[in-house]
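Here is the structure we will look at.
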Amino acid sequence: MNIETRALITFFIIGIVAGFIASLVVGGSGLVRYLITGVIGAFVGGYLFDVLGINLAIKNRIASQIVTASVGAIVIIILARLIA
C-alpha cells in the first residue's frame with residue numbers, strides 16, 4: 001500500500017469518526033452521513049480554526065484532526081438544519 005492510499009484511508013476514517021462524534025452532539029445517523037459530514041467538517045473546521053487563530057495544542061496529530069473535523073461537522077449540521 002503506497003503513502004497516498006494510506007493517507008486517503010486515514011482521511012476517510014477521521015471523517016467517519018468526526019461525523020459520528022458530531023451526530024452524538026447534534027443528532028443524526030448513518031455511515032454515509034458520518035463520512036460526508038466529517039469530511040466536509042474537516043475543511044470547515046480547519047478553515048474556521050485558521051481564520052479565528054485557534055490552536056488546540058493537542059500533541060497527537062490525529063486527535064487534533066478529529067476534534068477539528070468534529071467541530072466543523074457540528075457547524076455544518078447546525079447550518080443545514082437552520083437552512084432546511
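We label chains A, B, ... in the order they appear in the C-alpha cells, count residues from 1 in each chain, and number ligands from 1 in the order shown.
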
Residues near Ile74 in chain A, cut-off 8 Å, only C-alpha atoms, skip fewer than 5 positions along chain, as a PyMOL selection string: chain A and resi 22-23+25-26+41

Please list as number ranges by chain every residue within 10 Å of Gly15 in chain A, counting only C-alpha atoms and excluding residues in the same chain fewer than 5 positions away. A: 9-10, 20-21, 33-42, 65-66, 69-70, 73

Selection to disk with C-alpha atoms, as a PDB file, in the first residue's frame:
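What ended up in part-v8.pdb:
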ATOM      1  CA  ILE A   9      -7.879   5.835   4.097  1.00  0.00           C
ATOM      2  CA  THR A  10      -6.790   7.791   7.190  1.00  0.00           C
ATOM      3  CA  PHE A  20     -20.065  10.100  14.405  1.00  0.00           C
ATOM      4  CA  ILE A  21     -18.962  12.473  17.196  1.00  0.00           C
ATOM      5  CA  ARG A  33     -23.831  10.691   6.575  1.00  0.00           C
ATOM      6  CA  TYR A  34     -20.972  10.387   9.096  1.00  0.00           C
ATOM      7  CA  LEU A  35     -18.452  10.271   6.271  1.00  0.00           C
ATOM      8  CA  ILE A  36     -19.899  13.193   4.344  1.00  0.00           C
ATOM      9  CA  THR A  37     -20.337  15.488   7.349  1.00  0.00           C
ATOM     10  CA  GLY A  38     -16.943  14.503   8.741  1.00  0.00           C
ATOM     11  CA  VAL A  39     -15.067  15.139   5.501  1.00  0.00           C
ATOM     12  CA  ILE A  40     -16.804  18.454   4.849  1.00  0.00           C
ATOM     13  CA  GLY A  41     -16.408  19.269   8.546  1.00  0.00           C
ATOM     14  CA  ALA A  42     -12.651  18.732   8.284  1.00  0.00           C
ATOM     15  CA  GLN A  65      -7.659  16.473  13.280  1.00  0.00           C
ATOM     16  CA  ILE A  66     -10.614  14.551  14.710  1.00  0.00           C
ATOM     17  CA  ALA A  69     -13.274  17.897  11.861  1.00  0.00           C
ATOM     18  CA  SER A  70     -15.890  17.232  14.564  1.00  0.00           C
ATOM     19  CA  ALA A  73     -19.156  18.836  11.173  1.00  0.00           C
TER      20      ALA A  73
END

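Residues surrounding range 50-57 of chain A within 10 Å are A:Val44, A:Gly45, A:Ser64, A:Gln65, A:Val67, A:Thr68 [only C-alpha atoms; sequence separation below 5 positions excluded].
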
Using N, CA and C atoms, can you write the selected residues to a file as a JSON list (two decimals), in the first residue's frame?
[["chain", "number", "residue", "atom", "x", "y", "z"],
["A", 44, "VAL", "N", -14.20, 22.67, 6.85],
["A", 44, "VAL", "CA", -14.81, 23.81, 7.52],
["A", 44, "VAL", "C", -14.12, 24.09, 8.85],
["A", 45, "GLY", "N", -13.89, 23.06, 9.64],
["A", 45, "GLY", "CA", -13.22, 23.24, 10.93],
["A", 45, "GLY", "C", -11.81, 23.78, 10.77],
["A", 64, "SER", "N", -6.06, 15.81, 17.11],
["A", 64, "SER", "CA", -6.31, 17.21, 16.76],
["A", 64, "SER", "C", -7.17, 17.31, 15.50],
["A", 65, "GLN", "N", -6.88, 16.46, 14.52],
["A", 65, "GLN", "CA", -7.66, 16.47, 13.28],
["A", 65, "GLN", "C", -9.09, 16.01, 13.52],
["A", 67, "VAL", "N", -10.81, 16.34, 16.35],
["A", 67, "VAL", "CA", -11.52, 17.41, 17.07],
["A", 67, "VAL", "C", -11.88, 18.53, 16.09],
["A", 68, "THR", "N", -10.93, 18.91, 15.25],
["A", 68, "THR", "CA", -11.18, 19.97, 14.27],
["A", 68, "THR", "C", -12.30, 19.58, 13.32]]

May I have all residues of chain A that DSSP, computed from the backbone, assigns to helix (DSSP H, G or I), given as a PyMOL selection string? chain A and resi 3-26+31-52+61-83

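Distances to Gly28 in chain A were evaluated for A:Met1, A:Phe12, A:Ile78, A:Ala7 using only C-alpha atoms, and the minimum falls at A:Ile78.
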
Between A:Val75, A:Arg61, A:Leu24, A:Val32, which has the minimum distance to Leu48 in chain A (counting only C-alpha atoms)? A:Val75
